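target_27.cif, holding mmCIF, C-alpha atoms:
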data_structure
#
loop_
_atom_site.label_atom_id
_atom_site.label_comp_id
_atom_site.auth_asym_id
_atom_site.auth_seq_id
_atom_site.Cartn_x
_atom_site.Cartn_y
_atom_site.Cartn_z
CA MET H 1 22.59 -26.97 -27.68
CA SER H 2 21.76 -24.50 -30.42
CA SER H 3 18.20 -23.27 -30.86
CA GLN H 4 17.84 -25.04 -34.21
CA LYS H 5 19.08 -28.37 -32.82
CA ALA H 6 16.78 -28.01 -29.82
CA GLN H 7 13.80 -27.44 -32.10
CA SER H 8 14.72 -30.48 -34.22
CA LEU H 9 15.07 -32.68 -31.14
CA HIS H 10 11.78 -31.34 -29.82
CA ALA H 11 10.02 -32.24 -33.08
CA PHE H 12 11.62 -35.70 -33.21
CA ILE H 13 10.61 -36.59 -29.65
CA PHE H 14 7.10 -35.26 -30.25
CA ALA H 15 6.72 -37.34 -33.43
CA GLY H 16 7.90 -40.48 -31.63
CA LEU H 17 5.50 -39.89 -28.78
CA VAL H 18 2.58 -39.38 -31.17
CA VAL H 19 3.36 -42.66 -32.98
CA ALA H 20 3.63 -44.56 -29.69
CA LEU H 21 0.33 -43.19 -28.42
CA ALA H 22 -1.38 -43.91 -31.74
CA ILE H 23 -0.31 -47.56 -31.58
CA ALA H 24 -1.51 -47.81 -27.99
CA ALA H 25 -4.84 -46.27 -28.99
CA LEU H 26 -5.34 -48.81 -31.80
CA VAL H 27 -4.60 -51.68 -29.46
CA SER H 28 -7.12 -50.31 -26.97
CA ALA H 29 -9.78 -49.76 -29.64
CA ARG H 30 -9.57 -53.41 -30.85
CA SER H 31 -11.05 -54.66 -27.60
CA PHE H 32 -14.22 -52.57 -28.02
CA ARG H 33 -17.46 -54.51 -28.64
CA ALA H 34 -20.43 -52.54 -29.95
CA PRO H 35 -23.75 -52.81 -28.11
CA PRO H 36 -26.09 -55.31 -29.78
CA VAL H 37 -29.06 -52.95 -30.11
CA PRO H 38 -29.03 -51.14 -33.52
CA ASP H 39 -30.93 -48.13 -32.12
CA ASP H 40 -27.82 -47.25 -30.17
CA VAL H 41 -26.27 -46.02 -33.38
CA ILE H 42 -29.16 -43.65 -33.91
CA ASP H 43 -29.39 -42.13 -30.46
CA GLY H 44 -25.66 -41.81 -29.90
CA ARG H 45 -25.30 -44.30 -27.09
CA MET H 46 -22.79 -46.39 -29.02
CA ALA H 47 -20.53 -43.35 -29.34
CA HIS H 48 -20.83 -42.79 -25.62
CA ALA H 49 -20.07 -46.47 -24.96
CA PHE H 50 -16.93 -46.25 -27.09
CA GLU H 51 -15.83 -43.10 -25.29
CA SER H 52 -16.29 -44.77 -21.91
CA HIS H 53 -14.38 -47.82 -23.10
CA TYR H 54 -11.59 -45.63 -24.40
CA ASP H 55 -11.30 -43.73 -21.13
CA GLN H 56 -11.19 -46.95 -19.11
CA GLN H 57 -8.87 -48.90 -21.37
CA PHE H 58 -6.49 -46.09 -22.37
CA PRO H 59 -4.97 -44.59 -19.22
CA VAL H 60 -1.82 -44.09 -21.30
CA ARG H 61 -3.48 -40.96 -22.65
CA THR H 62 -2.99 -39.21 -19.30
CA PHE H 63 0.47 -40.69 -19.11
CA GLY H 64 1.26 -39.28 -22.55
CA ILE H 65 0.23 -35.78 -21.51
CA SER H 66 2.37 -35.98 -18.40
CA LEU H 67 5.29 -37.51 -20.30
CA TRP H 68 5.31 -34.76 -22.89
CA ALA H 69 5.10 -32.13 -20.15
CA ALA H 70 8.04 -33.82 -18.39
CA ILE H 71 10.11 -33.80 -21.60
CA ASP H 72 9.32 -30.14 -22.22
CA TYR H 73 10.14 -29.20 -18.65
CA THR H 74 13.33 -31.19 -18.10
CA LEU H 75 14.95 -30.99 -21.56
CA PHE H 76 13.68 -27.68 -22.91
CA HIS H 77 12.76 -25.77 -19.72
CA GLU H 78 9.29 -25.06 -21.03
CA ALA H 79 5.80 -25.20 -19.55
CA ARG H 80 2.42 -25.03 -21.19
CA SER H 81 1.36 -21.67 -22.58
CA GLY H 82 0.71 -19.48 -19.56
CA ALA H 83 3.96 -19.91 -17.67
CA VAL H 84 7.67 -19.28 -18.23
CA VAL H 85 10.19 -21.62 -16.60
CA GLY H 86 13.06 -19.92 -14.83
CA LYS H 87 16.05 -21.24 -12.92
CA ASP H 88 16.15 -22.59 -9.38
CA ASP H 89 12.56 -23.93 -9.56
CA TRP H 90 11.10 -20.49 -10.29
CA LEU H 91 8.06 -20.02 -12.53
CA TYR H 92 6.69 -16.78 -13.98
CA THR H 93 3.40 -15.90 -15.65
CA ASP H 94 3.91 -15.34 -19.37
CA GLU H 95 1.82 -12.16 -19.10
CA GLU H 96 5.02 -10.49 -17.86
CA PHE H 97 6.71 -11.28 -21.18
CA ALA H 98 3.93 -10.96 -23.75
CA VAL H 99 3.24 -7.89 -25.87
CA PRO H 100 -0.45 -8.05 -26.87
CA ASN H 101 -1.81 -6.65 -30.10
CA ASP H 102 -2.02 -2.86 -29.92
CA ALA H 103 -0.20 -2.88 -26.59
CA ILE H 104 0.60 0.82 -26.88
CA GLY H 105 -3.03 1.70 -27.53
CA GLU H 106 -4.19 -0.43 -24.61
CA LEU H 107 -1.60 1.17 -22.35
CA ALA H 108 -2.77 4.63 -23.33
CA ARG H 109 -6.42 3.69 -22.75
CA ASN H 110 -5.69 2.18 -19.36
CA LEU H 111 -3.67 5.17 -18.20
CA ALA H 112 -6.42 7.46 -19.46
CA LEU H 113 -8.90 5.42 -17.44
CA ILE H 114 -6.77 5.88 -14.32
CA SER H 115 -6.89 9.63 -14.95
CA TRP H 116 -10.67 9.48 -15.36
CA VAL H 117 -11.11 7.53 -12.11
CA ARG H 118 -8.89 9.98 -10.27
CA GLU H 119 -10.92 12.95 -11.55
CA ASN H 120 -14.21 11.32 -10.57
CA LEU H 121 -12.99 10.61 -7.07
CA SER H 122 -11.46 14.06 -6.68
CA ARG H 123 -14.74 15.78 -7.61
CA GLN H 124 -16.34 13.93 -4.71
CA ASP H 125 -13.55 14.75 -2.27
CA VAL H 126 -12.19 11.21 -2.21
CA ARG H 127 -8.42 10.75 -2.23
CA LEU H 128 -6.73 8.02 -4.27
CA ILE H 129 -3.59 5.97 -3.69
CA MET H 130 -2.30 3.89 -6.59
CA ALA H 131 -0.61 0.67 -5.45
CA ILE H 132 1.06 -0.53 -8.64
CA VAL H 133 2.38 -4.03 -7.95
CA PRO H 134 5.59 -4.64 -9.91
CA SER H 135 5.94 -7.80 -11.97
CA LYS H 136 7.59 -10.77 -10.32
CA ALA H 137 10.16 -10.89 -13.16
CA ARG H 138 11.12 -7.33 -12.31
CA VAL H 139 11.66 -8.05 -8.62
CA TYR H 140 13.37 -11.42 -9.20
CA PRO H 141 15.17 -11.18 -12.56
CA GLU H 142 18.07 -13.29 -11.26
CA HIS H 143 16.01 -16.47 -11.67
CA LEU H 144 15.19 -15.92 -15.34
CA ARG H 145 16.77 -17.98 -18.09
CA THR H 146 17.29 -16.69 -21.62
CA ARG H 147 13.78 -15.30 -21.94
CA VAL H 148 13.52 -11.79 -20.53
CA PRO H 149 10.71 -9.23 -20.65
CA PRO H 150 10.77 -7.10 -23.84
CA SER H 151 11.72 -3.44 -23.67
CA LEU H 152 8.13 -2.22 -23.37
CA HIS H 153 7.76 -4.23 -20.17
CA GLN H 154 11.15 -3.10 -18.90
CA GLN H 155 10.09 0.55 -19.02
CA LEU H 156 6.52 0.02 -17.93
CA TYR H 157 6.68 0.30 -14.15
CA GLY H 158 8.69 3.50 -13.95
CA ARG H 159 6.64 5.19 -16.64
CA ALA H 160 3.32 4.22 -15.06
CA LEU H 161 4.48 5.36 -11.64
CA GLY H 162 5.62 8.67 -13.12
CA HIS H 163 2.31 9.09 -14.92
CA CYS H 164 0.31 8.67 -11.71
CA ARG H 165 2.51 11.02 -9.74
CA GLY H 166 2.32 13.53 -12.57
CA LEU H 167 -1.46 13.54 -12.15
CA GLY H 168 -1.10 14.25 -8.45
CA ILE H 169 -2.00 10.68 -7.44
CA ALA H 170 -0.17 9.38 -4.39
CA ALA H 171 1.76 6.28 -5.46
CA PRO H 172 4.40 4.50 -3.36
CA ASP H 173 7.32 2.84 -5.13
CA LEU H 174 6.47 -0.78 -4.39
CA LEU H 175 9.24 -1.95 -6.69
CA GLU H 176 11.80 -0.49 -4.31
CA THR H 177 9.87 -1.82 -1.31
CA LEU H 178 9.64 -5.41 -2.56
CA THR H 179 13.15 -5.49 -4.02
CA GLU H 180 14.78 -4.26 -0.82
CA GLY H 181 12.51 -6.45 1.29
CA LYS H 182 13.61 -9.67 -0.40
CA ARG H 183 16.96 -9.33 1.41
CA ARG H 184 15.09 -10.27 4.59
CA ALA H 185 12.57 -12.78 3.22
CA ALA H 186 10.89 -13.72 -0.03
CA THR H 187 8.46 -11.11 -1.32
CA PHE H 188 7.10 -13.26 -4.19
CA LEU H 189 6.37 -16.97 -4.31
CA ARG H 190 8.52 -19.22 -6.52
CA THR H 191 5.65 -21.05 -8.20
CA ASP H 192 2.84 -18.52 -7.93
CA THR H 193 2.04 -15.20 -9.58
CA HIS H 194 1.41 -13.54 -6.22
CA TRP H 195 3.42 -11.94 -3.47
CA THR H 196 4.08 -13.66 -0.18
CA PRO H 197 2.31 -12.58 3.03
CA PHE H 198 5.60 -10.86 3.92
CA GLY H 199 5.60 -8.99 0.62
CA ALA H 200 1.98 -7.97 1.18
CA GLN H 201 2.85 -6.62 4.63
CA LEU H 202 5.75 -4.59 3.24
CA ALA H 203 3.47 -3.12 0.57
CA ALA H 204 0.82 -2.32 3.19
CA ASP H 205 3.45 -0.51 5.29
CA SER H 206 4.52 1.68 2.34
CA ILE H 207 0.92 2.48 1.45
CA ALA H 208 -0.02 3.23 5.06
CA THR H 209 2.83 5.72 5.37
CA ILE H 210 1.16 7.78 2.66
CA ALA H 211 -2.41 7.07 3.76
CA ARG H 212 -1.83 8.38 7.26
CA ARG H 213 -0.98 11.77 5.79
CA LEU H 214 -4.18 11.82 3.74
CA LEU H 215 -6.66 10.62 6.34
CA PRO H 216 -8.09 12.88 9.07
CA LEU H 217 -6.84 11.72 12.44
CA HIS H 218 -10.20 12.07 14.14
CA SER H 219 -11.77 9.54 11.79
CA ALA H 220 -9.92 6.60 13.35
CA GLY H 221 -12.21 4.29 15.30
CA LYS H 222 -11.95 2.96 18.84
CA SER H 223 -10.97 -0.54 17.71
CA THR H 224 -7.44 -1.84 17.60
CA PHE H 225 -6.03 -4.22 15.01
CA ARG H 226 -3.18 -6.65 15.39
CA ILE H 227 -1.64 -9.30 13.13
CA GLU H 228 -1.56 -12.82 14.50
CA LYS H 229 0.54 -15.55 12.88
CA THR H 230 -1.37 -18.80 12.45
CA GLY H 231 1.54 -20.98 11.34
CA LEU H 232 3.16 -22.35 8.23
CA GLN H 233 0.94 -23.69 5.49
CA THR H 234 1.90 -25.64 2.37
CA HIS H 235 0.90 -23.70 -0.70
CA ARG H 236 0.42 -25.02 -4.24
CA GLY H 237 1.36 -22.22 -6.62
CA ASP H 238 -1.11 -21.35 -9.37
CA LEU H 239 1.65 -21.57 -12.00
CA LEU H 240 1.99 -25.31 -11.35
CA ASN H 241 -1.24 -25.66 -13.33
CA PHE H 242 0.89 -25.16 -16.44
CA LEU H 243 3.08 -28.16 -15.54
CA PRO H 244 0.72 -31.18 -15.81
CA LEU H 245 3.22 -33.67 -14.40
CA ASP H 246 0.90 -35.32 -11.88
CA PRO H 247 0.61 -38.15 -11.10
CA TYR H 248 3.36 -39.90 -13.02
CA PHE H 249 6.14 -37.32 -12.84
CA ALA H 250 5.20 -35.34 -9.74
CA ARG H 251 8.74 -35.77 -8.40
CA LEU H 252 9.97 -33.46 -11.18
CA LEU H 253 7.83 -30.58 -9.96
CA PRO H 254 9.44 -27.72 -8.03
CA PRO H 255 9.42 -28.48 -4.30
CA PRO H 256 6.35 -27.29 -2.39
CA GLU H 257 6.38 -23.86 -0.78
CA GLU H 258 5.34 -22.87 2.69
CA ILE H 259 3.75 -19.55 3.50
CA ASP H 260 3.68 -17.95 6.92
CA VAL H 261 -0.05 -17.42 7.22
CA ALA H 262 -1.35 -14.51 9.26
CA GLN H 263 -4.69 -12.97 10.09
CA THR H 264 -5.66 -9.60 11.47
CA ILE H 265 -7.58 -9.55 14.74
CA LYS H 266 -9.90 -6.65 15.54
CA GLU H 267 -10.32 -5.84 19.21
CA GLY H 268 -12.40 -3.29 21.09
CA GLY H 269 -14.85 -0.87 19.53
CA ASP H 270 -18.55 -0.47 20.15
CA ASP H 271 -20.14 -3.88 19.53
CA SER H 272 -23.62 -2.55 20.29
CA ALA H 273 -23.44 -0.35 17.24
CA ASP H 274 -22.71 -3.38 15.09
CA LEU H 275 -25.67 -5.28 16.55
CA LEU H 276 -28.02 -2.37 15.87
CA GLY H 277 -26.72 -1.92 12.34
CA ASP H 278 -25.33 1.55 13.08
CA ALA H 279 -21.64 0.76 12.78
CA ALA H 280 -19.60 3.44 11.12
CA VAL H 281 -18.82 2.79 7.46
CA PRO H 282 -15.06 2.39 6.88
CA ASP H 283 -13.49 5.52 5.45
CA VAL H 284 -10.91 3.47 3.53
CA ALA H 285 -11.85 1.28 0.57
CA LEU H 286 -9.55 -1.23 -1.10
CA ILE H 287 -10.08 -2.11 -4.76
CA GLY H 288 -7.96 -4.58 -6.67
CA THR H 289 -7.27 -8.12 -7.78
CA SER H 290 -6.47 -11.44 -6.12
CA TYR H 291 -3.41 -9.79 -4.56
CA SER H 292 -5.93 -7.99 -2.33
CA ALA H 293 -8.82 -10.44 -2.36
CA GLU H 294 -7.16 -13.73 -1.39
CA ARG H 295 -6.98 -14.35 2.33
CA GLU H 296 -3.61 -16.12 2.14
CA TRP H 297 -1.78 -12.82 1.65
CA ASN H 298 -3.75 -10.88 4.33
CA PHE H 299 -3.10 -7.66 2.43
CA ALA H 300 -6.34 -5.97 3.52
CA GLY H 301 -5.71 -7.10 7.09
CA ALA H 302 -2.16 -5.74 6.99
CA LEU H 303 -3.54 -2.37 5.89
CA GLU H 304 -5.98 -2.40 8.80
CA SER H 305 -3.16 -3.18 11.21
CA LYS H 306 -0.93 -0.43 9.81
CA LEU H 307 -3.73 2.16 9.70
CA GLN H 308 -5.53 1.00 12.85
CA ARG H 309 -8.90 1.33 11.19
CA ASP H 310 -11.35 -0.77 9.18
CA VAL H 311 -10.73 -1.21 5.47
CA ALA H 312 -13.66 -2.15 3.23
CA ASN H 313 -12.32 -4.70 0.75
CA TYR H 314 -13.95 -4.62 -2.71
CA ALA H 315 -11.19 -6.51 -4.50
CA LYS H 316 -12.22 -9.35 -6.79
CA GLU H 317 -10.43 -12.41 -8.13
CA GLY H 318 -10.24 -13.11 -11.84
CA GLN H 319 -11.55 -9.72 -13.03
CA GLY H 320 -8.38 -7.66 -13.27
CA PRO H 321 -8.07 -4.31 -11.48
CA PHE H 322 -10.26 -2.09 -13.67
CA ALA H 323 -13.64 -3.86 -13.63
CA PRO H 324 -13.82 -3.97 -9.79
CA MET H 325 -13.04 -0.23 -9.65
CA ILE H 326 -15.75 0.71 -12.15
CA ALA H 327 -18.23 -1.61 -10.45
CA TYR H 328 -17.45 0.02 -7.10
CA LEU H 329 -17.91 3.56 -8.45
CA LYS H 330 -21.33 2.54 -9.75
CA SER H 331 -22.33 0.69 -6.57
CA ASP H 332 -24.79 1.72 -3.89
CA ASP H 333 -22.01 1.41 -1.32
CA PHE H 334 -20.08 4.20 -3.00
CA ARG H 335 -23.10 6.40 -3.68
CA THR H 336 -24.48 6.21 -0.16
CA ALA H 337 -21.31 6.12 1.94
CA LYS H 338 -18.29 7.51 0.16
CA PRO H 339 -14.93 6.77 1.78
CA LYS H 340 -12.26 9.35 2.49
CA LEU H 341 -9.62 7.30 0.74
CA VAL H 342 -9.51 4.65 -1.99
CA ILE H 343 -6.50 2.36 -2.33
CA TRP H 344 -6.34 0.89 -5.82
CA GLU H 345 -4.08 -2.16 -6.23
CA VAL H 346 -3.07 -2.65 -9.88
CA PRO H 347 -0.53 -5.29 -11.01
CA GLU H 348 1.58 -3.64 -13.68
CA ARG H 349 1.10 -6.43 -16.23
CA TYR H 350 -2.57 -5.45 -16.58
CA LEU H 351 -1.61 -2.04 -17.91
CA LEU H 352 -0.86 -3.52 -21.35
CA ALA H 353 -3.94 -5.76 -21.47
CA HIS H 354 -7.33 -5.07 -22.98
CA GLN H 355 -9.98 -4.35 -20.36
CA PRO H 356 -13.46 -5.72 -21.18
CA LEU H 357 -15.53 -2.92 -19.69
CA GLU H 358 -18.28 -2.62 -22.31
CA GLN H 359 -20.99 -3.64 -19.83
CA TYR H 360 -20.37 -0.50 -17.78
CA HIS H 361 -21.17 1.88 -20.68
CA LEU H 362 -18.44 4.34 -19.79
CA PRO H 363 -18.39 7.69 -21.57
CA PRO H 364 -15.84 8.17 -24.39
CA GLU H 365 -13.80 10.61 -22.31
CA ALA H 366 -12.96 7.77 -19.90
CA PHE H 367 -10.65 6.41 -22.59
CA THR H 368 -9.42 9.67 -24.04
CA ILE H 369 -5.74 9.28 -24.80
CA ARG H 370 -4.24 12.13 -22.86
CA ALA H 371 -1.27 10.46 -21.25
CA ARG H 372 0.82 9.13 -24.11
CA ASN H 373 3.43 11.89 -24.11
CA THR H 374 3.47 11.95 -20.32
CA VAL H 375 4.33 8.28 -20.16
CA PHE H 376 6.79 8.29 -23.05
CA PRO H 377 7.82 11.95 -23.37
CA GLY H 378 8.97 13.14 -26.74
CA ARG H 379 7.99 9.96 -28.58
CA SER H 380 5.03 9.23 -30.80
CA ALA H 381 3.14 5.95 -30.72
CA HIS H 382 4.97 4.36 -33.66
CA GLN H 383 8.34 5.13 -32.06
CA LEU H 384 7.61 3.41 -28.78
CA PRO H 385 9.61 0.26 -28.01
CA VAL H 386 7.88 -3.09 -28.23
#
Representation of the structure as structure tokens:
Amino acid sequence: MSSQKAQSLHAFIFAGLVVALAIAALVSARSFRAPPVPDDVIDGRMAHAFESHYDQQFPVRTFGISLWAAIDYTLFHEARSGAVVGKDDWLYTDEEFAVPNDAIGELARNLALISWVRENLSRQDVRLIMAIVPSKARVYPEHLRTRVPPSLHQQLYGRALGHCRGLGIAAPDLLETLTEGKRRAATFLRTDTHWTPFGAQLAADSIATIARRLLPLHSAGKSTFRIEKTGLQTHRGDLLNFLPLDPYFARLLPPPEEIDVAQTIKEGGDDSADLLGDAAVPDVALIGTSYSAEREWNFAGALESKLQRDVANYAKEGQGPFAPMIAYLKSDDFRTAKPKLVIWEVPERYLLAHQPLEQYHLPPEAFTIRARNTVFPGRSAHQLPV
């Protein structure tokens, strides 16, 4: 079906659905009887009574939402804004395909901010490892349909990795790690934006290989850490929120996924120090997003197991990777007990996004555009691909 014919069919079905729902709404509204007290009109209670009647007598409204979502999904392979429908029951976040306004400027600002963070940590003798998490569409392009990431996204990971390494920041190639690892088991979830626990463990292994070279051996504690599998768990992917097919068309949803849940067990050490409040502060800090914060992936625990030492986890959900880092640098924890090493987990899709950091009152030099030619050598801003 051509794109023009698909759009025409889409519009025709939508118009028919609107007419059908409008008729159903009129039928439902006819059965409404206004309250007998005239004051209800003045204080708004009649409006509330009509709304309650409408909700009770018009369940077809929910059905209409689900029906339209089912039509979009099955006929046009589309979800609500926020997700991209791939093949084989795969879903992707549309952030991996979007080019925001002033994407080049935002990229330059974000890379400059990485440089600024690195310089601040270096002045205080704290080492930094950048863990740039590649986009799911980059690791699993074989499940995409006709929509593919634009050229700016296609170049983003390699350029960002090169920028960090050019600044002297240790940065493992997690794209290679997660792409090679998927030959053994899935490294990203089909219906979720995140990696699998297996993918998180592979990333932790690559990061730990570098971290062990940067950390002083004598700083390791007396405790031991081991990963313990707790069993399979059914997981509802966050991208299913953009397919409102429940409850009427739930059978059309991609099949549920199972994740092999694990937790990290700490054994040994000096418990008396913990009870007295004198436990040693971890010399490794983890900053990042939900990839690091959510327990399902056990990323922080995998790092502890690989490094055989405590990792202080300052990752936050729903804030992106930059706000948690700035908040940590301004925290009492950092001022009073600086770590030897900071691991900064940054999903690559955030590198093009605006970072709302006004509340932190950062100096202008934090956003000084110094990395543009490093990231895209020999090209000015207006020449960069979008």
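Excluding H:Asp238 itself and same-chain residues fewer than 4 positions from it, the residues having an atom within 7 Å of it are Thr191, Asp192 and Thr193 of chain H, counting only C-alpha atoms.
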When you look at stretch 168-173 of chain H with a cut-off of 7 Å (counting only C-alpha atoms), what residues show up, excluding the ones that are within fewer than 3 positions of it in the same chain? I need them as a ChimeraX atom specification. /H:128-131,161,164-165,176-177,206-207
For the residues in the current selection, export C-alpha atoms as a PDB file, in the coordinates of the input.
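The resulting part-v6.pdb:
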ATOM      1  CA  LEU H 128      -6.730   8.020  -4.270  1.00  0.00           C
ATOM      2  CA  ILE H 129      -3.590   5.970  -3.690  1.00  0.00           C
ATOM      3  CA  MET H 130      -2.300   3.890  -6.590  1.00  0.00           C
ATOM      4  CA  ALA H 131      -0.610   0.670  -5.450  1.00  0.00           C
ATOM      5  CA  LEU H 161       4.480   5.360 -11.640  1.00  0.00           C
ATOM      6  CA  CYS H 164       0.310   8.670 -11.710  1.00  0.00           C
ATOM      7  CA  ARG H 165       2.510  11.020  -9.740  1.00  0.00           C
ATOM      8  CA  GLU H 176      11.800  -0.490  -4.310  1.00  0.00           C
ATOM      9  CA  THR H 177       9.870  -1.820  -1.310  1.00  0.00           C
ATOM     10  CA  SER H 206       4.520   1.680   2.340  1.00  0.00           C
ATOM     11  CA  ILE H 207       0.920   2.480   1.450  1.00  0.00           C
TER      12      ILE H 207
END
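Residues lying at most 9 Å from (-10.7, -5.8, -4.5) in file coordinates, with all atoms listed in the file considered, are Ala285, Leu286, Ile287, Gly288, Thr289, Ser290, Tyr291, Ser292, Ala293, Asn313, Tyr314, Ala315, Lys316, Glu317, Pro321, Pro324, Met325, Trp344 and Glu345 of chain H.
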One decimal place gives the atom CA of H:Thr93-atom CA of H:His163 separation as 25.0 Å
With distances taken over all atoms listed in the file, the candidate from H:Ala353, H:Ile71, H:Gly86, H:Ile132 nearest H:Leu144 is H:Gly86
Expand the PyMOL selection byres ((chain H and resi 123-125) around 12) into the explicit residue set it covers here, and present it as number ranges by chain. H: 116-122, 126-128, 214-215, 329, 334-335, 337-342
